[in-house]
$ cat final.cif   # mmCIF, C-alpha atoms
data_run
#
loop_
_atom_site.label_atom_id
_atom_site.label_comp_id
_atom_site.auth_asym_id
_atom_site.auth_seq_id
_atom_site.Cartn_x
_atom_site.Cartn_y
_atom_site.Cartn_z
CA VAL V 22 0.00 0.00 0.00
CA SER V 23 1.38 3.39 -0.96
CA PHE V 24 -0.21 6.65 0.18
CA THR V 25 0.66 10.33 -0.05
CA GLY V 26 -1.45 12.70 2.00
CA GLY V 27 -2.43 13.76 5.48
CA THR V 28 -1.32 12.25 8.76
CA GLU V 29 -4.83 11.31 9.94
CA THR V 30 -5.46 9.22 6.83
CA GLY V 31 -1.93 7.80 7.01
CA ARG V 32 -2.52 6.72 10.59
CA ALA V 33 -5.76 4.96 9.60
CA ILE V 34 -4.00 3.16 6.72
CA ALA V 35 -1.13 2.05 8.96
CA HIS V 36 -3.59 0.79 11.56
CA ALA V 37 -5.68 -1.08 8.97
CA GLY V 38 -2.60 -2.74 7.49
CA ALA V 39 -0.97 -3.69 10.79
CA ASP V 40 -3.06 -6.79 11.49
CA THR V 41 -2.05 -8.41 8.20
CA PHE V 42 1.49 -7.01 8.10
CA LYS V 43 0.87 -5.19 4.82
CA ARG V 44 3.87 -3.46 3.33
CA ILE V 45 3.04 0.21 3.58
CA SER V 46 4.77 3.29 2.22
CA LEU V 47 3.50 6.60 3.62
CA GLU V 48 4.55 10.09 2.54
CA LEU V 49 2.79 12.34 4.99
CA GLY V 50 4.15 15.74 4.08
CA GLY V 51 6.37 17.75 6.31
CA LYS V 52 8.99 20.34 5.64
CA ASN V 53 11.34 19.12 2.93
CA PRO V 54 14.75 20.71 3.47
CA ASN V 55 16.57 22.59 0.76
CA LEU V 56 20.28 22.84 1.58
CA VAL V 57 22.38 25.67 0.15
CA PHE V 58 26.14 25.57 0.67
CA ALA V 59 28.66 28.36 0.15
CA ASP V 60 29.90 26.84 -3.12
CA ALA V 61 26.41 26.78 -4.68
CA ASP V 62 25.71 28.65 -7.89
CA LEU V 63 23.42 31.23 -6.26
CA GLY V 64 22.28 32.43 -9.69
CA ARG V 65 20.63 29.02 -10.05
CA ALA V 66 19.98 28.14 -6.42
CA ILE V 67 17.90 31.23 -5.66
CA PRO V 68 15.33 30.97 -8.49
CA GLU V 69 15.14 27.18 -8.07
CA SER V 70 14.51 27.63 -4.34
CA VAL V 71 11.76 30.18 -5.05
CA ARG V 72 10.19 27.72 -7.51
CA ALA V 73 10.52 24.80 -5.09
CA ALA V 74 9.07 26.74 -2.16
CA PHE V 75 6.12 28.32 -3.95
CA SER V 76 5.08 26.00 -6.77
CA ASN V 77 1.37 25.34 -6.40
CA GLN V 78 1.40 27.86 -3.50
CA GLY V 79 3.52 25.43 -1.51
CA GLN V 80 0.67 22.91 -1.39
CA ILE V 81 2.58 19.93 -2.77
CA CYS V 82 4.46 17.15 -1.04
CA LEU V 83 7.67 18.06 -2.84
CA CYS V 84 7.65 21.66 -1.68
CA GLY V 85 11.09 22.81 -0.50
CA SER V 86 9.75 25.10 2.16
CA ARG V 87 12.50 24.76 4.77
CA ILE V 88 15.74 26.21 3.45
CA LEU V 89 18.99 25.79 5.35
CA VAL V 90 21.75 28.09 4.11
CA GLU V 91 25.43 28.09 4.98
CA ARG V 92 26.19 31.18 7.05
CA SER V 93 28.73 32.72 4.65
CA VAL V 94 26.13 33.08 1.84
CA HIS V 95 23.05 33.43 4.04
CA ASP V 96 22.38 37.15 3.64
CA GLN V 97 22.98 37.17 -0.12
CA PHE V 98 20.79 34.11 -0.58
CA VAL V 99 17.96 35.41 1.61
CA ASP V 100 17.98 38.79 -0.14
CA GLY V 101 17.60 37.01 -3.48
CA LEU V 102 14.92 34.69 -2.12
CA VAL V 103 12.92 37.62 -0.76
CA ALA V 104 13.20 39.46 -4.09
CA GLY V 105 12.03 36.33 -5.92
CA ALA V 106 9.08 35.82 -3.58
CA LYS V 107 8.02 39.47 -3.88
CA ALA V 108 8.23 39.27 -7.66
CA ARG V 109 5.82 36.34 -7.94
CA ARG V 110 2.64 37.45 -9.64
CA ILE V 111 -0.40 36.65 -7.49
CA GLY V 112 -3.36 36.21 -9.76
CA ASP V 113 -6.26 34.40 -11.33
CA PRO V 114 -5.37 30.81 -12.22
CA HIS V 115 -7.06 31.35 -15.61
CA ASP V 116 -4.45 34.01 -16.42
CA GLU V 117 -1.31 32.39 -17.87
CA SER V 118 0.92 35.06 -16.32
CA THR V 119 -0.16 34.04 -12.80
CA GLU V 120 2.63 32.49 -10.74
CA HIS V 121 0.87 32.29 -7.38
CA GLY V 122 -2.81 31.42 -7.02
CA ALA V 123 -5.13 30.80 -4.12
CA LEU V 124 -4.80 28.28 -1.34
CA VAL V 125 -7.16 25.32 -1.51
CA SER V 126 -9.58 26.32 1.28
CA GLU V 127 -10.31 28.78 4.04
CA ASN V 128 -9.20 26.16 6.58
CA HIS V 129 -5.85 25.86 4.85
CA LEU V 130 -5.43 29.64 4.68
CA ASN V 131 -6.13 29.84 8.41
CA LYS V 132 -3.61 27.04 9.05
CA VAL V 133 -0.93 28.81 7.01
CA ASP V 134 -1.64 32.08 8.81
CA SER V 135 -1.48 30.35 12.21
CA TYR V 136 2.01 29.02 11.37
CA VAL V 137 3.14 32.49 10.34
CA GLN V 138 1.82 33.87 13.63
CA LEU V 139 3.59 31.07 15.52
CA ALA V 140 6.84 31.90 13.73
CA ARG V 141 6.45 35.52 14.85
CA GLU V 142 5.89 34.39 18.45
CA LEU V 143 9.01 32.20 18.26
CA GLY V 144 11.12 35.15 17.15
CA GLY V 145 11.04 34.63 13.40
CA GLU V 146 11.47 37.66 11.19
CA ILE V 147 8.88 38.03 8.43
CA ARG V 148 11.00 39.21 5.50
CA CYS V 149 8.08 39.40 3.06
CA GLY V 150 4.47 38.31 2.90
CA GLY V 151 2.88 36.99 6.05
CA ARG V 152 -0.64 38.12 5.31
CA ARG V 153 -3.68 37.49 3.19
CA ALA V 154 -3.46 38.92 -0.32
CA PRO V 155 -6.37 40.66 -2.04
CA ALA V 156 -8.22 38.75 -4.75
CA PRO V 157 -6.88 39.71 -8.17
CA ASN V 158 -10.34 40.22 -9.72
CA ASP V 159 -14.08 39.77 -9.15
CA ARG V 160 -14.05 36.18 -10.45
CA CYS V 161 -11.63 35.24 -7.65
CA ALA V 162 -13.28 37.37 -4.95
CA ASN V 163 -13.97 34.32 -2.78
CA GLY V 164 -10.47 32.87 -3.21
CA TYR V 165 -8.04 32.24 -0.38
CA PHE V 166 -5.00 34.20 -1.49
CA TYR V 167 -1.94 34.50 0.77
CA GLU V 168 1.26 36.34 -0.06
CA PRO V 169 4.42 34.30 -0.63
CA THR V 170 6.12 34.47 2.75
CA ILE V 171 9.77 34.30 3.76
CA ILE V 172 10.56 33.91 7.47
CA THR V 173 14.12 33.91 8.80
CA GLY V 174 15.71 33.52 12.19
CA LEU V 175 14.10 30.30 13.35
CA ASP V 176 16.20 27.50 14.79
CA PRO V 177 16.10 24.61 12.29
CA ALA V 178 15.91 22.09 15.14
#

$ encode --input "final.cif" --output "structure tokens"
Amino acid sequence: VSFTGGTETGRAIAHAGADTFKRISLELGGKNPNLVFADADLGRAIPESVRAAFSNQGQICLCGSRILVERSVHDQFVDGLVAGAKARRIGDPHDESTEHGALVSENHLNKVDSYVQLARELGGEIRCGGRRAPAPNDRCANGYFYEPTIITGLDPA
């Protein structure tokens, strides 16, 4: 049995398969780390990290949303990452120039916002984003748009 999704469903699958010793592979999300070392080609690493962090608004299992950067290139990397996040075009998914659409639901938007608030409480610095974005047009007025957000200063442990 192979499953990719939420932890509640994963737990139920693991429990159901335990009695018969089913082979089970579960990918239950999390924060996939992106590692950037001092010898990285930052001209490539920065835009690829922006893409990895924000593709599909970060709502995919392969999202590289936790980025660990070697100290000697940290500031340069973060400045580029922030510029890339700010440059993403929030918009209507029907518009081909859109790079960042809405989150899947109001519950998910509230969950994302609660994590941003928690990061603030834990001493994280919101470098960009960190709040709900206005809908790009009337057709999307009921969408759950949230700005691409970069938070620094949190202990990776």

$ atom_distance --input "final.cif" --atom1 "CA of Glu142 in chain V" --atom2 "CA of His121 in chain V"
26.4 Å

$ resolve_selection --input "final.cif" --expression "the PyMOL selection byres ((chain V and resi 92) around 12)" --output "JSON, numbers by chain"
{"V": [56, 57, 58, 59, 60, 89, 90, 91, 93, 94, 95, 96, 97, 98, 99, 174]}

$ closest_residue --input "final.cif" --among "V:Gly26, V:Thr41, V:Ala162, V:Gly150" --to "Ala104 in chain V" --atoms "all atoms listed in the file"
V:Gly150

$ closest_residue --input "final.cif" --among "V:Asn158, V:Gln78, V:Thr119, V:Ser126" --to "Thr170 in chain V" --atoms "all atoms listed in the file"
V:Gln78

$ resolve_selection --input "final.cif" --expression "the PyMOL selection byres ((chain V and resi 151) around 7)" --output "PDB file with C-alpha atoms, keeping the file's coordinate frame"
ATOM      1  CA  VAL V 137       3.140  32.490  10.340  1.00  0.00           C
ATOM      2  CA  ILE V 147       8.880  38.030   8.430  1.00  0.00           C
ATOM      3  CA  CYS V 149       8.080  39.400   3.060  1.00  0.00           C
ATOM      4  CA  GLY V 150       4.470  38.310   2.900  1.00  0.00           C
ATOM      5  CA  ARG V 152      -0.640  38.120   5.310  1.00  0.00           C
ATOM      6  CA  GLU V 168       1.260  36.340  -0.060  1.00  0.00           C
ATOM      7  CA  THR V 170       6.120  34.470   2.750  1.00  0.00           C
TER       8      THR V 170
END

$ atom_distance --input "final.cif" --atom1 "CA of Ile111 in chain V" --atom2 "CA of Arg160 in chain V"
14.0 Å

$ atom_distance --input "final.cif" --atom1 "CA of Phe75 in chain V" --atom2 "CA of Val133 in chain V"
13.0 Å

$ residues_around --input "final.cif" --residues "Gly112 in chain V" --least-positions-apart "2" --cutoff "9 Å" --atoms "only C-alpha atoms" --output "ChimeraX atom specification"
/V:110,114-116,118-123,156-158,161,166

$ resolve_selection --input "final.cif" --expression "the PyMOL selection byres ((chain V and resi 45) around 10)" --output "list of chain:residue names"
V:Val22, V:Ser23, V:Phe24, V:Gly31, V:Ile34, V:Ala35, V:Gly38, V:Ala39, V:Phe42, V:Lys43, V:Arg44, V:Ser46, V:Leu47

$ residues_around --input "final.cif" --residues "Gly105 in chain V" --least-positions-apart "6" --cutoff "9 Å" --atoms "all atoms listed in the file" --output "list in words"
Ile67, Pro68, Val71 and Arg72 of chain V

$ residues_around --input "final.cif" --residues "Gly85 in chain V" --least-positions-apart "6" --cutoff "10 Å" --atoms "all atoms listed in the file" --output "MDAnalysis selection string"
chainID V and resid 51:56 69:76 79

$ residues_near_point --input "final.cif" --point "(3.0, 36.9, 14.8)" --cutoff "10 Å" --atoms "all atoms listed in the file" --output "list of chain:residue names"
V:Asp134, V:Ser135, V:Tyr136, V:Val137, V:Gln138, V:Leu139, V:Ala140, V:Arg141, V:Glu142, V:Leu143, V:Gly144, V:Gly145, V:Glu146, V:Ile147, V:Gly151

$ closest_residue --input "final.cif" --among "V:Thr30, V:Leu102, V:Tyr165, V:Asp40" --to "His129 in chain V" --atoms "all atoms listed in the file"
V:Tyr165
